[in-house]
Amino acid sequence: MRRTGAKAAEILMIVGSHVAPGVTTDELDRITHEEALKRNCYPSPLNYRGFPKSVCTSINEVICHGIPDSRPLAEGDIINIDVTVFCEGVHGDTSTTFIAGETDEFSKTLVAETRHALYAGMDVLRPGSPVSSIGRAIESHAKAHQLGVVREFIGHGVGTDFHGGLQIPHYYDRRANTRIELGMSFTIEPMLTLGAPDMYMWDDDWTALTVDGRRTAQFEHTMVMADDGVDVMTVTPAGECAHDMYR
Ligand code: MF3
Ligand code: CO
Ligand code: CO
């Protein structure tokens, strides 16, 4: 998990470094695909339940699962790039929201606080913590910044399966009483919104958008529950990842 996660993290940093006004998401898809193959990885999204590309690219009001296409990025766009790769029998799944050029203050706050919300959800975890503690921490961080939390997509168990085992809501759900045990591997991947968190889907059956058309951001890591807290898999051996550019 650590070796595969490091490859996902490296690829996400490389693809993210190409984000700029004028670049198309097809170009980001091509780079993801090539960087995955270079590392002996398969890009997990490709043909997963019919998904047609190697990476998800979700711009502005797209919540998640955006399909790369020929649209060039515009100055001020925010774009979540979600990289998952399969290598040595396991998946590593990680995403960051990048900014093309300069953007407005609302978008900057949304992106910064969505990143903080992910880490708030990770920080509360110890072996035996209920899954609900994650959503409690994320939702309270979002509320403090008057941001919405999307409910339709959740964190998940990840390992030999892309999606399996744990289901991790990013809002507080007291029924989420499964306990996170030592050694469990999973993602946390909150999607926060500037407006209402309500979602609708395009008829491509993938692209999920906010109903009100306002912007949304997402950050994701793959992690394993360790004795003293979560051990993040989707970082390089030096502990770097694409989230660091907001430090
Ligand atoms: N990487 C996404 C996640 O975080 C899943 C993408 S499924 C795909 O769970 F088919 F859209 F790639
Ligand atoms: Co995921
Ligand atoms: Co993902």
# chains A, B, ... in the order shown; residues from 1 in each chain; ligands from 1
call {"tool": "closest_atom_pairs", "arguments": {"of": "chain A", "to": "ligand 3", "cutoff": "10 Å", "atoms": "only C-alpha atoms and all ligand atoms", "output": "JSON lines"}}
result
{"residue": "A:Ser44", "atom": "CA", "partner": "ligand 3", "partner_atom_place_in_ligand_line": "1 (Co)", "distance": 9.7}
{"residue": "A:Pro45", "atom": "CA", "partner": "ligand 3", "partner_atom_place_in_ligand_line": "1 (Co)", "distance": 9.0}
{"residue": "A:Val55", "atom": "CA", "partner": "ligand 3", "partner_atom_place_in_ligand_line": "1 (Co)", "distance": 8.9}
{"residue": "A:Cys56", "atom": "CA", "partner": "ligand 3", "partner_atom_place_in_ligand_line": "1 (Co)", "distance": 7.9}
{"residue": "A:Cys64", "atom": "CA", "partner": "ligand 3", "partner_atom_place_in_ligand_line": "1 (Co)", "distance": 8.8}
{"residue": "A:His65", "atom": "CA", "partner": "ligand 3", "partner_atom_place_in_ligand_line": "1 (Co)", "distance": 8.7}
{"residue": "A:Asn80", "atom": "CA", "partner": "ligand 3", "partner_atom_place_in_ligand_line": "1 (Co)", "distance": 9.8}
{"residue": "A:Ile81", "atom": "CA", "partner": "ligand 3", "partner_atom_place_in_ligand_line": "1 (Co)", "distance": 8.4}
{"residue": "A:Asp82", "atom": "CA", "partner": "ligand 3", "partner_atom_place_in_ligand_line": "1 (Co)", "distance": 4.8}
{"residue": "A:Val83", "atom": "CA", "partner": "ligand 3", "partner_atom_place_in_ligand_line": "1 (Co)", "distance": 6.0}
{"residue": "A:Thr84", "atom": "CA", "partner": "ligand 3", "partner_atom_place_in_ligand_line": "1 (Co)", "distance": 6.0}
{"residue": "A:Val85", "atom": "CA", "partner": "ligand 3", "partner_atom_place_in_ligand_line": "1 (Co)", "distance": 9.7}
{"residue": "A:Gly92", "atom": "CA", "partner": "ligand 3", "partner_atom_place_in_ligand_line": "1 (Co)", "distance": 8.5}
{"residue": "A:Asp93", "atom": "CA", "partner": "ligand 3", "partner_atom_place_in_ligand_line": "1 (Co)", "distance": 4.8}
{"residue": "A:Thr94", "atom": "CA", "partner": "ligand 3", "partner_atom_place_in_ligand_line": "1 (Co)", "distance": 5.1}
{"residue": "A:Ser95", "atom": "CA", "partner": "ligand 3", "partner_atom_place_in_ligand_line": "1 (Co)", "distance": 5.8}
{"residue": "A:Thr96", "atom": "CA", "partner": "ligand 3", "partner_atom_place_in_ligand_line": "1 (Co)", "distance": 9.3}
{"residue": "A:Gly155", "atom": "CA", "partner": "ligand 3", "partner_atom_place_in_ligand_line": "1 (Co)", "distance": 8.8}
{"residue": "A:His156", "atom": "CA", "partner": "ligand 3", "partner_atom_place_in_ligand_line": "1 (Co)", "distance": 9.6}
{"residue": "A:Phe162", "atom": "CA", "partner": "ligand 3", "partner_atom_place_in_ligand_line": "1 (Co)", "distance": 9.3}
{"residue": "A:His163", "atom": "CA", "partner": "ligand 3", "partner_atom_place_in_ligand_line": "1 (Co)", "distance": 9.8}
{"residue": "A:Thr187", "atom": "CA", "partner": "ligand 3", "partner_atom_place_in_ligand_line": "1 (Co)", "distance": 8.1}
{"residue": "A:Ile188", "atom": "CA", "partner": "ligand 3", "partner_atom_place_in_ligand_line": "1 (Co)", "distance": 9.1}
{"residue": "A:Glu189", "atom": "CA", "partner": "ligand 3", "partner_atom_place_in_ligand_line": "1 (Co)", "distance": 7.3}
{"residue": "A:Gln218", "atom": "CA", "partner": "ligand 3", "partner_atom_place_in_ligand_line": "1 (Co)", "distance": 9.4}
{"residue": "A:Phe219", "atom": "CA", "partner": "ligand 3", "partner_atom_place_in_ligand_line": "1 (Co)", "distance": 8.6}
{"residue": "A:Glu220", "atom": "CA", "partner": "ligand 3", "partner_atom_place_in_ligand_line": "1 (Co)", "distance": 6.4}
{"residue": "A:His221", "atom": "CA", "partner": "ligand 3", "partner_atom_place_in_ligand_line": "1 (Co)", "distance": 8.0}
{"residue": "A:Thr222", "atom": "CA", "partner": "ligand 3", "partner_atom_place_in_ligand_line": "1 (Co)", "distance": 8.7}
call {"tool": "write_last_selection", "arguments": {"atoms": "N, CA, C and O atoms", "output": "compact mmCIF listing (two decimals), in the first residue's frame"}}
result
# COMPACT_ATOMS: atom_id res chain seq x y z
N SER A 44 -6.43 3.04 -12.38
CA SER A 44 -7.65 2.34 -11.95
C SER A 44 -8.96 2.85 -12.55
O SER A 44 -9.87 2.03 -12.77
N PRO A 45 -9.12 4.16 -12.79
CA PRO A 45 -10.42 4.60 -13.34
C PRO A 45 -10.71 4.04 -14.73
O PRO A 45 -11.88 3.88 -15.09
N VAL A 55 -8.23 9.24 -15.41
CA VAL A 55 -8.21 10.13 -14.23
C VAL A 55 -9.55 10.87 -14.21
O VAL A 55 -10.20 11.02 -15.25
N CYS A 56 -9.95 11.32 -13.01
CA CYS A 56 -11.14 12.17 -12.90
C CYS A 56 -10.68 13.62 -12.78
O CYS A 56 -9.79 13.93 -11.98
N CYS A 64 -17.40 15.76 -8.45
CA CYS A 64 -16.43 14.67 -8.61
C CYS A 64 -16.74 13.89 -9.88
O CYS A 64 -17.78 14.11 -10.51
N HIS A 65 -15.82 12.99 -10.27
CA HIS A 65 -16.00 12.06 -11.39
C HIS A 65 -16.15 12.76 -12.74
O HIS A 65 -16.75 12.21 -13.66
N ASN A 80 -10.28 19.67 -9.38
CA ASN A 80 -9.85 18.50 -8.62
C ASN A 80 -9.35 17.44 -9.59
O ASN A 80 -10.02 17.10 -10.57
N ILE A 81 -8.14 16.96 -9.32
CA ILE A 81 -7.58 15.85 -10.09
C ILE A 81 -7.49 14.67 -9.14
O ILE A 81 -6.87 14.77 -8.08
N ASP A 82 -8.17 13.58 -9.50
CA ASP A 82 -8.27 12.41 -8.63
C ASP A 82 -7.56 11.24 -9.32
O ASP A 82 -8.05 10.69 -10.31
N VAL A 83 -6.39 10.89 -8.79
CA VAL A 83 -5.55 9.83 -9.36
C VAL A 83 -5.72 8.56 -8.52
O VAL A 83 -5.58 8.60 -7.30
N THR A 84 -6.03 7.46 -9.19
CA THR A 84 -5.96 6.16 -8.53
C THR A 84 -5.14 5.24 -9.43
O THR A 84 -5.36 5.22 -10.64
N VAL A 85 -4.19 4.53 -8.82
CA VAL A 85 -3.42 3.55 -9.59
C VAL A 85 -3.44 2.21 -8.89
O VAL A 85 -3.59 2.12 -7.66
N GLY A 92 -3.97 2.76 -4.88
CA GLY A 92 -3.68 3.98 -4.12
C GLY A 92 -4.50 5.09 -4.73
O GLY A 92 -4.48 5.28 -5.94
N ASP A 93 -5.25 5.83 -3.90
CA ASP A 93 -6.29 6.75 -4.35
C ASP A 93 -6.08 8.10 -3.66
O ASP A 93 -6.12 8.18 -2.43
N THR A 94 -5.83 9.16 -4.44
CA THR A 94 -5.56 10.47 -3.83
C THR A 94 -5.95 11.60 -4.77
O THR A 94 -5.84 11.45 -5.99
N SER A 95 -6.42 12.69 -4.21
CA SER A 95 -6.79 13.83 -5.05
C SER A 95 -6.48 15.15 -4.37
O SER A 95 -6.38 15.24 -3.15
N THR A 96 -6.33 16.17 -5.22
CA THR A 96 -6.08 17.54 -4.77
C THR A 96 -6.87 18.48 -5.67
O THR A 96 -7.04 18.19 -6.86
N GLY A 155 -16.04 8.39 1.62
CA GLY A 155 -14.77 7.68 1.67
C GLY A 155 -15.04 6.18 1.72
O GLY A 155 -16.17 5.75 1.99
N HIS A 156 -14.01 5.39 1.47
CA HIS A 156 -14.23 3.95 1.26
C HIS A 156 -13.01 3.13 1.66
O HIS A 156 -11.88 3.63 1.63
N PHE A 162 -10.77 -1.51 -5.36
CA PHE A 162 -10.80 -0.05 -5.50
C PHE A 162 -11.75 0.53 -4.44
O PHE A 162 -11.42 1.49 -3.74
N HIS A 163 -12.94 -0.06 -4.34
CA HIS A 163 -13.92 0.39 -3.36
C HIS A 163 -14.46 -0.83 -2.63
O HIS A 163 -15.05 -1.70 -3.26
N THR A 187 -9.99 5.44 2.46
CA THR A 187 -9.80 6.83 2.07
C THR A 187 -10.69 7.74 2.90
O THR A 187 -11.73 7.31 3.42
N ILE A 188 -10.30 8.99 2.99
CA ILE A 188 -11.19 10.08 3.40
C ILE A 188 -11.08 11.09 2.28
O ILE A 188 -9.97 11.37 1.80
N GLU A 189 -12.22 11.62 1.80
CA GLU A 189 -12.20 12.45 0.59
C GLU A 189 -13.35 13.45 0.56
O GLU A 189 -14.19 13.42 -0.33
N GLN A 218 -12.40 19.27 -3.37
CA GLN A 218 -12.21 17.95 -2.74
C GLN A 218 -10.73 17.66 -2.55
O GLN A 218 -9.90 18.03 -3.40
N PHE A 219 -10.42 17.00 -1.44
CA PHE A 219 -9.06 16.48 -1.18
C PHE A 219 -9.20 15.05 -0.69
O PHE A 219 -10.15 14.73 0.04
N GLU A 220 -8.24 14.20 -1.05
CA GLU A 220 -8.33 12.78 -0.68
C GLU A 220 -6.96 12.19 -0.39
O GLU A 220 -5.99 12.48 -1.11
N HIS A 221 -6.91 11.34 0.62
CA HIS A 221 -5.74 10.50 0.88
C HIS A 221 -6.20 9.05 1.09
O HIS A 221 -7.32 8.81 1.56
N THR A 222 -5.28 8.12 0.79
CA THR A 222 -5.41 6.72 1.22
C THR A 222 -4.57 6.55 2.47
O THR A 222 -3.42 7.02 2.51
call {"tool": "residues_around", "arguments": {"residues": "Arg247 in chain A", "least_positions_apart": "3", "cutoff": "10 Å", "atoms": "only C-alpha atoms", "output": "ChimeraX atom specification"}}
result
/A:112,243-244
call {"tool": "select_by_dssp", "arguments": {"residues": "range 116-181 of chain A", "states": "strand (DSSP E or B)", "output": "list in words"}}
result
Ser129, Pro130, Gly148, Val149, Gly155, His156, Gly157, Gly164, Gly165, Leu166, Gln167, Ile168, Arg179 and Ile180 of chain A
call {"tool": "residues_around", "arguments": {"residues": "range 47-52 of chain A", "least_positions_apart": "6", "cutoff": "12 Å", "atoms": "only C-alpha atoms", "output": "list in words"}}
result
Asp26, Asp29, His65, Gly66, Ile67, Pro68, Asp69, Thr84, Val85, Phe86, Asp161, Phe162, His163, Asp204, Asp205, Trp206 and Thr207 of chain A
call {"tool": "residues_around", "arguments": {"residues": "Gly159 in chain A", "least_positions_apart": "5", "cutoff": "9 Å", "atoms": "only C-alpha atoms", "output": "PyMOL selection string"}}
result
chain A and resi 1+89-92+164+185-186
call {"tool": "closest_residue", "arguments": {"among": "A:Ser54, A:Ser132, A:Thr114, A:Ser17", "to": "ligand 1", "atoms": "only C-alpha atoms and all ligand atoms"}}
result
A:Ser54
call {"tool": "residues_around", "arguments": {"residues": "Val124 in chain A", "least_positions_apart": "4", "cutoff": "8 Å", "atoms": "only C-alpha atoms", "output": "ChimeraX atom specification"}}
result
/A:120,133-134,137,229
call {"tool": "atom_distance", "arguments": {"atom1": "CA of Ile78 in chain A", "atom2": "CA of Ala100 in chain A"}}
result
6.3 Å
call {"tool": "closest_residue", "arguments": {"among": "A:Pro190, A:Gly101, A:Gly239, A:Cys41", "to": "Tyr119 in chain A", "atoms": "only C-alpha atoms"}}
result
A:Pro190
call {"tool": "closest_residue", "arguments": {"among": "A:Leu194, A:Val235, A:Leu12, A:Met122", "to": "ligand 1", "atoms": "only C-alpha atoms and all ligand atoms"}}
result
A:Leu12
call {"tool": "atom_distance", "arguments": {"atom1": "CA of Asp77 in chain A", "atom2": "CA of Ile99 in chain A"}}
result
6.0 Å
call {"tool": "closest_residue", "arguments": {"among": "A:Ser70, A:Thr4, A:Thr25, A:Asn60", "to": "Asn40 in chain A", "atoms": "only C-alpha atoms"}}
result
A:Thr4
call {"tool": "closest_residue", "arguments": {"among": "A:Ile138, A:Ala20, A:Met201, A:Cys87", "to": "Tyr42 in chain A", "atoms": "only C-alpha atoms"}}
result
A:Cys87
call {"tool": "decode", "arguments": {"residues": "range 141-178 of chain A", "atoms": "N, CA, C and O atoms", "output": "PDB file, in the first residue's frame"}}
result
ATOM      1  N   HIS A 141     -15.918  21.356  10.925  1.00  0.00           N
ATOM      2  CA  HIS A 141     -14.980  22.285  10.278  1.00  0.00           C
ATOM      3  C   HIS A 141     -15.675  23.043   9.133  1.00  0.00           C
ATOM      4  O   HIS A 141     -15.523  24.256   8.994  1.00  0.00           O
ATOM      5  N   ALA A 142     -16.444  22.321   8.342  1.00  0.00           N
ATOM      6  CA  ALA A 142     -17.161  22.951   7.218  1.00  0.00           C
ATOM      7  C   ALA A 142     -18.132  24.015   7.738  1.00  0.00           C
ATOM      8  O   ALA A 142     -18.165  25.140   7.224  1.00  0.00           O
ATOM      9  N   LYS A 143     -18.898  23.660   8.753  1.00  0.00           N
ATOM     10  CA  LYS A 143     -19.895  24.608   9.302  1.00  0.00           C
ATOM     11  C   LYS A 143     -19.226  25.872   9.818  1.00  0.00           C
ATOM     12  O   LYS A 143     -19.731  26.979   9.615  1.00  0.00           O
ATOM     13  N   ALA A 144     -18.089  25.707  10.475  1.00  0.00           N
ATOM     14  CA  ALA A 144     -17.369  26.869  11.026  1.00  0.00           C
ATOM     15  C   ALA A 144     -16.976  27.839   9.921  1.00  0.00           C
ATOM     16  O   ALA A 144     -16.765  29.026  10.177  1.00  0.00           O
ATOM     17  N   HIS A 145     -16.867  27.348   8.701  1.00  0.00           N
ATOM     18  CA  HIS A 145     -16.495  28.207   7.574  1.00  0.00           C
ATOM     19  C   HIS A 145     -17.664  28.419   6.612  1.00  0.00           C
ATOM     20  O   HIS A 145     -17.470  28.846   5.474  1.00  0.00           O
ATOM     21  N   GLN A 146     -18.878  28.086   7.072  1.00  0.00           N
ATOM     22  CA  GLN A 146     -20.111  28.243   6.269  1.00  0.00           C
ATOM     23  C   GLN A 146     -20.026  27.543   4.918  1.00  0.00           C
ATOM     24  O   GLN A 146     -20.436  28.083   3.888  1.00  0.00           O
ATOM     25  N   LEU A 147     -19.449  26.339   4.934  1.00  0.00           N
ATOM     26  CA  LEU A 147     -19.350  25.539   3.717  1.00  0.00           C
ATOM     27  C   LEU A 147     -20.256  24.314   3.848  1.00  0.00           C
ATOM     28  O   LEU A 147     -20.492  23.824   4.967  1.00  0.00           O
ATOM     29  N   GLY A 148     -20.782  23.834   2.721  1.00  0.00           N
ATOM     30  CA  GLY A 148     -21.629  22.649   2.714  1.00  0.00           C
ATOM     31  C   GLY A 148     -20.798  21.377   2.581  1.00  0.00           C
ATOM     32  O   GLY A 148     -19.656  21.418   2.114  1.00  0.00           O
ATOM     33  N   VAL A 149     -21.373  20.245   2.992  1.00  0.00           N
ATOM     34  CA  VAL A 149     -20.717  18.936   2.864  1.00  0.00           C
ATOM     35  C   VAL A 149     -21.578  18.041   1.976  1.00  0.00           C
ATOM     36  O   VAL A 149     -22.741  17.779   2.294  1.00  0.00           O
ATOM     37  N   VAL A 150     -21.006  17.570   0.867  1.00  0.00           N
ATOM     38  CA  VAL A 150     -21.726  16.683  -0.053  1.00  0.00           C
ATOM     39  C   VAL A 150     -21.956  15.334   0.626  1.00  0.00           C
ATOM     40  O   VAL A 150     -21.065  14.800   1.294  1.00  0.00           O
ATOM     41  N   ARG A 151     -23.173  14.784   0.470  1.00  0.00           N
ATOM     42  CA  ARG A 151     -23.546  13.548   1.171  1.00  0.00           C
ATOM     43  C   ARG A 151     -23.561  12.322   0.268  1.00  0.00           C
ATOM     44  O   ARG A 151     -23.538  11.188   0.756  1.00  0.00           O
ATOM     45  N   GLU A 152     -23.633  12.537  -1.039  1.00  0.00           N
ATOM     46  CA  GLU A 152     -23.842  11.399  -1.954  1.00  0.00           C
ATOM     47  C   GLU A 152     -22.589  10.569  -2.196  1.00  0.00           C
ATOM     48  O   GLU A 152     -22.691   9.434  -2.665  1.00  0.00           O
ATOM     49  N   PHE A 153     -21.407  11.118  -1.934  1.00  0.00           N
ATOM     50  CA  PHE A 153     -20.167  10.373  -2.186  1.00  0.00           C
ATOM     51  C   PHE A 153     -19.389  10.312  -0.889  1.00  0.00           C
ATOM     52  O   PHE A 153     -19.336  11.299  -0.151  1.00  0.00           O
ATOM     53  N   ILE A 154     -18.785   9.160  -0.631  1.00  0.00           N
ATOM     54  CA  ILE A 154     -18.192   8.932   0.683  1.00  0.00           C
ATOM     55  C   ILE A 154     -16.792   8.325   0.545  1.00  0.00           C
ATOM     56  O   ILE A 154     -16.418   7.831  -0.525  1.00  0.00           O
ATOM     57  N   GLY A 155     -16.040   8.388   1.624  1.00  0.00           N
ATOM     58  CA  GLY A 155     -14.769   7.679   1.672  1.00  0.00           C
ATOM     59  C   GLY A 155     -15.042   6.181   1.720  1.00  0.00           C
ATOM     60  O   GLY A 155     -16.166   5.750   1.989  1.00  0.00           O
ATOM     61  N   HIS A 156     -14.010   5.388   1.468  1.00  0.00           N
ATOM     62  CA  HIS A 156     -14.226   3.954   1.261  1.00  0.00           C
ATOM     63  C   HIS A 156     -13.014   3.130   1.663  1.00  0.00           C
ATOM     64  O   HIS A 156     -11.883   3.631   1.627  1.00  0.00           O
ATOM     65  N   GLY A 157     -13.270   1.879   1.987  1.00  0.00           N
ATOM     66  CA  GLY A 157     -12.181   0.936   2.120  1.00  0.00           C
ATOM     67  C   GLY A 157     -11.461   0.847   0.788  1.00  0.00           C
ATOM     68  O   GLY A 157     -12.084   0.935  -0.271  1.00  0.00           O
ATOM     69  N   VAL A 158     -10.126   0.725   0.826  1.00  0.00           N
ATOM     70  CA  VAL A 158      -9.348   0.602  -0.413  1.00  0.00           C
ATOM     71  C   VAL A 158      -8.171  -0.315  -0.126  1.00  0.00           C
ATOM     72  O   VAL A 158      -7.614  -0.305   0.971  1.00  0.00           O
ATOM     73  N   GLY A 159      -7.809  -1.126  -1.097  1.00  0.00           N
ATOM     74  CA  GLY A 159      -6.716  -2.087  -0.932  1.00  0.00           C
ATOM     75  C   GLY A 159      -6.695  -2.936  -2.173  1.00  0.00           C
ATOM     76  O   GLY A 159      -6.500  -2.413  -3.276  1.00  0.00           O
ATOM     77  N   THR A 160      -6.954  -4.241  -2.024  1.00  0.00           N
ATOM     78  CA  THR A 160      -7.018  -5.083  -3.209  1.00  0.00           C
ATOM     79  C   THR A 160      -8.221  -4.710  -4.073  1.00  0.00           C
ATOM     80  O   THR A 160      -8.198  -4.899  -5.289  1.00  0.00           O
ATOM     81  N   ASP A 161      -9.280  -4.170  -3.441  1.00  0.00           N
ATOM     82  CA  ASP A 161     -10.420  -3.613  -4.179  1.00  0.00           C
ATOM     83  C   ASP A 161     -10.297  -2.098  -4.233  1.00  0.00           C
ATOM     84  O   ASP A 161      -9.822  -1.480  -3.271  1.00  0.00           O
ATOM     85  N   PHE A 162     -10.770  -1.508  -5.356  1.00  0.00           N
ATOM     86  CA  PHE A 162     -10.802  -0.051  -5.499  1.00  0.00           C
ATOM     87  C   PHE A 162     -11.747   0.532  -4.438  1.00  0.00           C
ATOM     88  O   PHE A 162     -11.415   1.489  -3.739  1.00  0.00           O
ATOM     89  N   HIS A 163     -12.941  -0.060  -4.339  1.00  0.00           N
ATOM     90  CA  HIS A 163     -13.924   0.394  -3.357  1.00  0.00           C
ATOM     91  C   HIS A 163     -14.463  -0.826  -2.633  1.00  0.00           C
ATOM     92  O   HIS A 163     -15.051  -1.698  -3.259  1.00  0.00           O
ATOM     93  N   GLY A 164     -14.252  -0.891  -1.325  1.00  0.00           N
ATOM     94  CA  GLY A 164     -14.769  -2.053  -0.599  1.00  0.00           C
ATOM     95  C   GLY A 164     -14.675  -1.847   0.886  1.00  0.00           C
ATOM     96  O   GLY A 164     -13.948  -0.976   1.351  1.00  0.00           O
ATOM     97  N   GLY A 165     -15.406  -2.662   1.637  1.00  0.00           N
ATOM     98  CA  GLY A 165     -15.307  -2.606   3.089  1.00  0.00           C
ATOM     99  C   GLY A 165     -15.954  -1.364   3.654  1.00  0.00           C
ATOM    100  O   GLY A 165     -17.145  -1.154   3.482  1.00  0.00           O
ATOM    101  N   LEU A 166     -15.161  -0.547   4.322  1.00  0.00           N
ATOM    102  CA  LEU A 166     -15.697   0.613   5.035  1.00  0.00           C
ATOM    103  C   LEU A 166     -16.438   1.579   4.115  1.00  0.00           C
ATOM    104  O   LEU A 166     -16.052   1.764   2.963  1.00  0.00           O
ATOM    105  N   GLN A 167     -17.460   2.215   4.673  1.00  0.00           N
ATOM    106  CA  GLN A 167     -18.135   3.338   4.025  1.00  0.00           C
ATOM    107  C   GLN A 167     -18.018   4.509   4.991  1.00  0.00           C
ATOM    108  O   GLN A 167     -18.399   4.394   6.155  1.00  0.00           O
ATOM    109  N   ILE A 168     -17.492   5.619   4.487  1.00  0.00           N
ATOM    110  CA  ILE A 168     -17.129   6.720   5.384  1.00  0.00           C
ATOM    111  C   ILE A 168     -17.804   8.018   4.970  1.00  0.00           C
ATOM    112  O   ILE A 168     -17.291   8.762   4.130  1.00  0.00           O
ATOM    113  N   PRO A 169     -18.980   8.314   5.572  1.00  0.00           N
ATOM    114  CA  PRO A 169     -19.620   9.596   5.270  1.00  0.00           C
ATOM    115  C   PRO A 169     -18.775  10.763   5.778  1.00  0.00           C
ATOM    116  O   PRO A 169     -18.084  10.633   6.794  1.00  0.00           O
ATOM    117  N   HIS A 170     -18.847  11.888   5.065  1.00  0.00           N
ATOM    118  CA  HIS A 170     -18.096  13.079   5.488  1.00  0.00           C
ATOM    119  C   HIS A 170     -18.953  14.041   6.299  1.00  0.00           C
ATOM    120  O   HIS A 170     -18.519  15.126   6.632  1.00  0.00           O
ATOM    121  N   TYR A 171     -20.191  13.621   6.611  1.00  0.00           N
ATOM    122  CA  TYR A 171     -21.088  14.373   7.504  1.00  0.00           C
ATOM    123  C   TYR A 171     -21.320  13.489   8.718  1.00  0.00           C
ATOM    124  O   TYR A 171     -21.039  12.285   8.670  1.00  0.00           O
ATOM    125  N   TYR A 172     -21.849  14.081   9.790  1.00  0.00           N
ATOM    126  CA  TYR A 172     -22.070  13.280  10.989  1.00  0.00           C
ATOM    127  C   TYR A 172     -23.278  12.370  10.805  1.00  0.00           C
ATOM    128  O   TYR A 172     -24.383  12.830  10.543  1.00  0.00           O
ATOM    129  N   ASP A 173     -23.053  11.065  10.933  1.00  0.00           N
ATOM    130  CA  ASP A 173     -24.123  10.076  10.847  1.00  0.00           C
ATOM    131  C   ASP A 173     -23.931   9.131  12.026  1.00  0.00           C
ATOM    132  O   ASP A 173     -22.999   8.333  12.029  1.00  0.00           O
ATOM    133  N   ARG A 174     -24.830   9.243  13.023  1.00  0.00           N
ATOM    134  CA  ARG A 174     -24.611   8.453  14.242  1.00  0.00           C
ATOM    135  C   ARG A 174     -24.759   6.947  13.990  1.00  0.00           C
ATOM    136  O   ARG A 174     -24.315   6.124  14.775  1.00  0.00           O
ATOM    137  N   ARG A 175     -25.359   6.587  12.840  1.00  0.00           N
ATOM    138  CA  ARG A 175     -25.478   5.153  12.514  1.00  0.00           C
ATOM    139  C   ARG A 175     -24.162   4.569  12.012  1.00  0.00           C
ATOM    140  O   ARG A 175     -24.020   3.358  11.906  1.00  0.00           O
ATOM    141  N   ALA A 176     -23.202   5.440  11.690  1.00  0.00           N
ATOM    142  CA  ALA A 176     -21.898   4.968  11.193  1.00  0.00           C
ATOM    143  C   ALA A 176     -21.055   4.536  12.390  1.00  0.00           C
ATOM    144  O   ALA A 176     -20.064   5.166  12.757  1.00  0.00           O
ATOM    145  N   ASN A 177     -21.471   3.435  13.011  1.00  0.00           N
ATOM    146  CA  ASN A 177     -20.838   3.044  14.285  1.00  0.00           C
ATOM    147  C   ASN A 177     -19.802   1.927  14.140  1.00  0.00           C
ATOM    148  O   ASN A 177     -19.292   1.424  15.140  1.00  0.00           O
ATOM    149  N   THR A 178     -19.458   1.553  12.896  1.00  0.00           N
ATOM    150  CA  THR A 178     -18.341   0.613  12.699  1.00  0.00           C
ATOM    151  C   THR A 178     -17.088   1.224  13.294  1.00  0.00           C
ATOM    152  O   THR A 178     -16.882   2.437  13.187  1.00  0.00           O
TER     153      THR A 178
END
